[in-house]
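Student: So that we are looking at the same thing, I have put the structure below in structure tokens.
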Amino acid sequence: MSPDRLRGTTDLPVLLPAAGALAARARTERRIGGPVLRLRAWHGAALALLTVGWTGAVWAQDAATVAERSSALRALWEWLPVLLGGFVFNVAISFMAMGIGTATGTLLGLLQISELRVLRGASWLVTQFFRNAPWLVLLFYCMFLLPFEFTVLGVTIPFPDWVKAVIGLALPVMANVSEIVRGAVQSIPSGQWEAAHSLAFTRRQILWQIILPQCVKRMLPPWMNLYAILTMATVLASVVGVGEVMTLTQRALAAESRPEFLVPFYGFVMLLFFAYCYPIARVTQKLELRYAVKH
Amino acid sequence: MQDIYEWFRTLNETTGINLTIVHDAYDRRRMIEGFLNTIYLSAICLLFSIIIGVVGAWLQGSRLTWTRRLVNGYIQLFRNTPPLVQMYFFFFALGALMPRVENEWGIMEPILSNWHWAVISLSFFAGAFNVEIFRSGIEAVPRATVEAAEALGYTRLKAYRHVVLPLALRVCLPALNNNLVNLVKTTTLAYAIAVPEMLYVANQIWSDSLNVPEMMTFLLFAYVLLVGALVRVMNGWERAMRLPGFGT
């Protein structure tokens with residue numbers, strides 16, 4: 001029941017629109033399985049200020065004590081190619097995990113609305129299982145349980161760490177995409193199904209020609225939000241030893257062995273992620289507004 | 001019980017499925033401790049994050065501009081940075097600044113252990129989301145209701161505790177539950193600063209007994225069951241707390 005309808009029919013002191021907004025947010029979060037990102041431009045500005053400010057402070061301290069030691073900014077500049085390379089690797093991991101997750105997740109989501117009870121139940125179970133498992137545990141699972149190489153028909157296919165990380169991250173993405181697909185299909189008014197049935201469309205035709213094209217619009221904003229969350233989650237791969245930007249930053253810091261570089265370096269990594277996720281978050285918000293379903 | 005342990009021992013000998021956490025008394029105790037630690041960590045963080053949320057939401061309604069700005073800054077900072085980075089920052093950056101004290105064996109150690117830092121960082125992480133959730137919940141309570149309470153002689157604090165909060169809580173519950181479930185999943189990150197929770201203990205056990213597949217599978221199912229149970233309880237609570245006519 002929507003708060004608007006309540007307001008029209010009762011004299012009781014009913015709740016204000018914030019209640020409806022919060023309920024809508026809870027529903028979205030449940031569907032995408034995580035918080036909705038709301039990045040603002042000033043977040044990036046604050047991060048940049050912190051990084052640059054701290055770098056300046058370190059530099060001033062250095063100038064006062066030992067002049068010949070390199071400044072934080074120069075160290076950052078020297079390590080820049082390495083860190084950027086690591087970040088590109090993160091992006092590549094997120095692309096691949098998202099691709100695999102979306103393909104399998106869409107299939108799983110369509111199985112969730114299958115007419116066969118067994119398929120529906122099984123796909124629901126798989127979805128809930130991977131949605132409820134922590135990302136880090138799934139990552140560990142794939143890391144330790146997948147073999148480092150496969151031998152198919154005498155051909156040995158190597159299976160390096162990063163491929164396992166991609167699969168480990170693709171699993172929760174798959175479950176969340178499945179839930180997004182199911183939610184979108186079910187959000188289409190049932191009148192459309194009935195109208196299509198009366199026009200003698202088969203079930204497959206209805207799904208592919210009528211329902212799914214409308215779903216794409218509704219799925220796009222949560223899908224993009226999920227992608228942003230996944231990109232931020234790629235740093236988890238550093239815990240299991242994949243050489244991505246976090247691992248490289250830690251190595252760079254270890255090589256420099258200057259504790260005061262900690263904030264500039266980590267701040268820089270956070271800036272990289274912000275620069276990448278901010279446009280995605282903005283476009284997501286724009287699309288959400290444009291595709292908002294009017295009741 | 002002894003029969004069950006023996007059965008798992010035979011299972012290991014016959015099939016190679018080595019669940020040391022059942023038939024080995026030492027590993028069993030470790031795993032039970034790890035499991036309890038995960039629950040303990042989740043429960044404490046849950047409690048603190050709710051307290052932070054309630055207090056933060058109250059402070060956000062303050063008349064002082066700077067109090068509101070401070071709370072806003074805290075929310076934005078913790079909402080938009082990865083929790084792993086927050087934990088590293090707390091443990092490595094702030095932890096290094098803390099004074100050290102002598103423990104009972106005469107060894108110098110920091111006053112706040114990794115346990116404390118895990119609780120602090122996770123509570124602040126979940127608390128930032130809770131402040132926003134409670135704020136929206138409080139916003140949903142009409143001004144007229146608060147004025148009515150004030151007319152009945154309630155002070156600001158008492159009106160907040162007895163009138164606004166019970167109503168707001170019901171509005172917040174779905175969003176709050178999402179956040180709490182998220183928090184339980186995030187406790188695995190405490191692994192990164194060596195807090196002996198389930199993931200960390202499992203890692204120790206498979207390093208000792210080389211039974212990675214068994215431990216990983218156990219871990220996965222344990223977490224799914226834990227989170228599943230929490231979701232069930234929360235959904236039940238949501239249903240029980242619903243006010244007819246106030247639902248959305």
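Starting from 1 in every chain, residues are counted up; chains themselves are A, B, ... following the order of the structure tokens, and ligands are numbered from 1 as listed.
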Distance limit 7 Å, atoms considered: only C-alpha atoms. Which chain A residues sit that close to chain B? Return them as a list in words.
Tutor: Met1, Ser2, Pro3, Val14, Leu15, Leu16, Pro17, Ala18, Ala19, Gly20, Leu22, Ala23, Ala26, Arg30, Phe129, Asn132, Ala133, Pro134, Leu136, Val137, Tyr141, Phe144, Leu145 and Met232 of chain A
Student: For the residues in that selection, give me C-alpha atoms as a compact mmCIF listing (two decimals), in the first residue's frame.
Tutor:
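Final output, saved to selection.txt:
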# COMPACT_ATOMS: atom_id res chain seq x y z
CA MET A 1 0.00 0.00 0.00
CA SER A 2 1.50 3.33 -0.97
CA PRO A 3 1.65 6.20 1.56
CA VAL A 14 0.03 9.35 8.85
CA LEU A 15 3.72 9.17 8.05
CA LEU A 16 5.40 11.63 5.74
CA PRO A 17 6.85 10.82 2.27
CA ALA A 18 10.26 9.98 3.80
CA ALA A 19 8.70 6.67 4.93
CA GLY A 20 7.87 5.76 1.35
CA LEU A 22 12.98 4.63 2.79
CA ALA A 23 10.79 1.63 1.97
CA ALA A 26 15.08 -0.96 1.20
CA ARG A 30 17.27 -6.07 -1.31
CA PHE A 129 22.92 -19.34 -1.66
CA ASN A 132 23.87 -14.85 1.26
CA ALA A 133 27.53 -15.88 1.15
CA PRO A 134 30.10 -13.14 1.88
CA LEU A 136 35.42 -12.73 0.53
CA VAL A 137 34.44 -16.30 1.40
CA TYR A 141 36.53 -20.73 -2.14
CA PHE A 144 41.71 -22.62 -3.12
CA LEU A 145 39.41 -25.09 -4.77
CA MET A 232 35.29 -1.58 -5.48
Student: Name the residues of region 89-222 of chain A that fall into alpha helix (DSSP H) according to DSSP on the backbone, using the chain letters and numbers of this document, as an MDAnalysis selection string.
Tutor: chainID A and resid 89:112 117:132 135:145 161:187 190:198 203:205 212:222
Student: Between CA of Glu288 (chain A) and CA of Arg131 (chain A), what distance in Å does the model show, to one decimal?
Tutor: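 CA of Glu288 (chain A) sits 23.4 Å away from CA of Arg131 (chain A).
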Student: Which is closer to Ile39 (chain B) than all the others in B:Met198, B:Met87, B:Ala190, B:Leu59, using only C-alpha atoms?
Tutor: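 Looking at the shortest contact to Ile39 (chain B), the residue is B:Met198.
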Student: Could you give me, as a CSV table (one decimal) with C-alpha atoms, in the first residue's frame, the residues within 12 Å of Arg161 (chain B), counting only C-alpha atoms and dropping anything in the same chain fewer than 5 positions from it?
Tutor:
chain,number,residue,atom,x,y,z
B,54,VAL,CA,20.4,6.6,17.0
B,55,VAL,CA,22.8,9.2,18.5
B,58,TRP,CA,19.6,12.7,17.0
B,138,ILE,CA,12.6,10.3,11.9
B,146,VAL,CA,6.1,15.7,18.0
B,149,ALA,CA,4.0,15.1,22.5
B,154,TYR,CA,7.4,15.6,27.0
B,155,THR,CA,10.9,17.1,26.9
B,156,ARG,CA,12.8,16.9,23.6
B,166,PRO,CA,9.1,3.7,18.2
B,167,LEU,CA,7.4,5.1,15.1
B,168,ALA,CA,10.6,5.8,13.2
B,169,LEU,CA,11.9,2.3,14.1
Student: Give me every strand (DSSP E or B) residue in region 15-258 of chain A, going by DSSP on the backbone, as a PDB file with N, CA and C atoms, in the first residue's frame.
Tutor:
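Listing of part_30.pdb after writing:
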ATOM      1  N   GLU A 149      45.495 -25.693 -13.196  1.00  0.00           N
ATOM      2  CA  GLU A 149      45.426 -25.929 -14.640  1.00  0.00           C
ATOM      3  C   GLU A 149      44.426 -27.042 -14.927  1.00  0.00           C
ATOM      4  N   PHE A 150      43.858 -26.986 -16.111  1.00  0.00           N
ATOM      5  CA  PHE A 150      42.921 -28.008 -16.553  1.00  0.00           C
ATOM      6  C   PHE A 150      43.557 -28.763 -17.705  1.00  0.00           C
ATOM      7  N   THR A 151      43.296 -30.054 -17.805  1.00  0.00           N
ATOM      8  CA  THR A 151      43.754 -30.788 -18.973  1.00  0.00           C
ATOM      9  C   THR A 151      42.532 -31.348 -19.686  1.00  0.00           C
ATOM     10  N   VAL A 152      42.220 -30.764 -20.841  1.00  0.00           N
ATOM     11  CA  VAL A 152      41.081 -31.221 -21.626  1.00  0.00           C
ATOM     12  C   VAL A 152      41.607 -31.805 -22.928  1.00  0.00           C
ATOM     13  N   VAL A 155      45.135 -31.189 -23.931  1.00  0.00           N
ATOM     14  CA  VAL A 155      45.590 -29.795 -23.967  1.00  0.00           C
ATOM     15  C   VAL A 155      45.521 -29.240 -22.545  1.00  0.00           C
ATOM     16  N   THR A 156      46.631 -28.694 -22.075  1.00  0.00           N
ATOM     17  CA  THR A 156      46.649 -28.153 -20.722  1.00  0.00           C
ATOM     18  C   THR A 156      46.323 -26.665 -20.759  1.00  0.00           C
ATOM     19  N   ILE A 157      45.233 -26.317 -20.087  1.00  0.00           N
ATOM     20  CA  ILE A 157      44.850 -24.909 -20.018  1.00  0.00           C
ATOM     21  C   ILE A 157      45.282 -24.386 -18.659  1.00  0.00           C
ATOM     22  N   PRO A 158      46.186 -23.411 -18.607  1.00  0.00           N
ATOM     23  CA  PRO A 158      46.594 -22.881 -17.301  1.00  0.00           C
ATOM     24  C   PRO A 158      45.460 -22.052 -16.681  1.00  0.00           C
TER      25      PRO A 158
END
Student: Nearest to Phe78 (chain B) among B:Ser123, B:Ser209, B:Gln204, B:Ser113, with distances taken over only C-alpha atoms: which residue is it?
Tutor: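 Of the candidates, the smallest distance to Phe78 (chain B) is held by B:Ser123.
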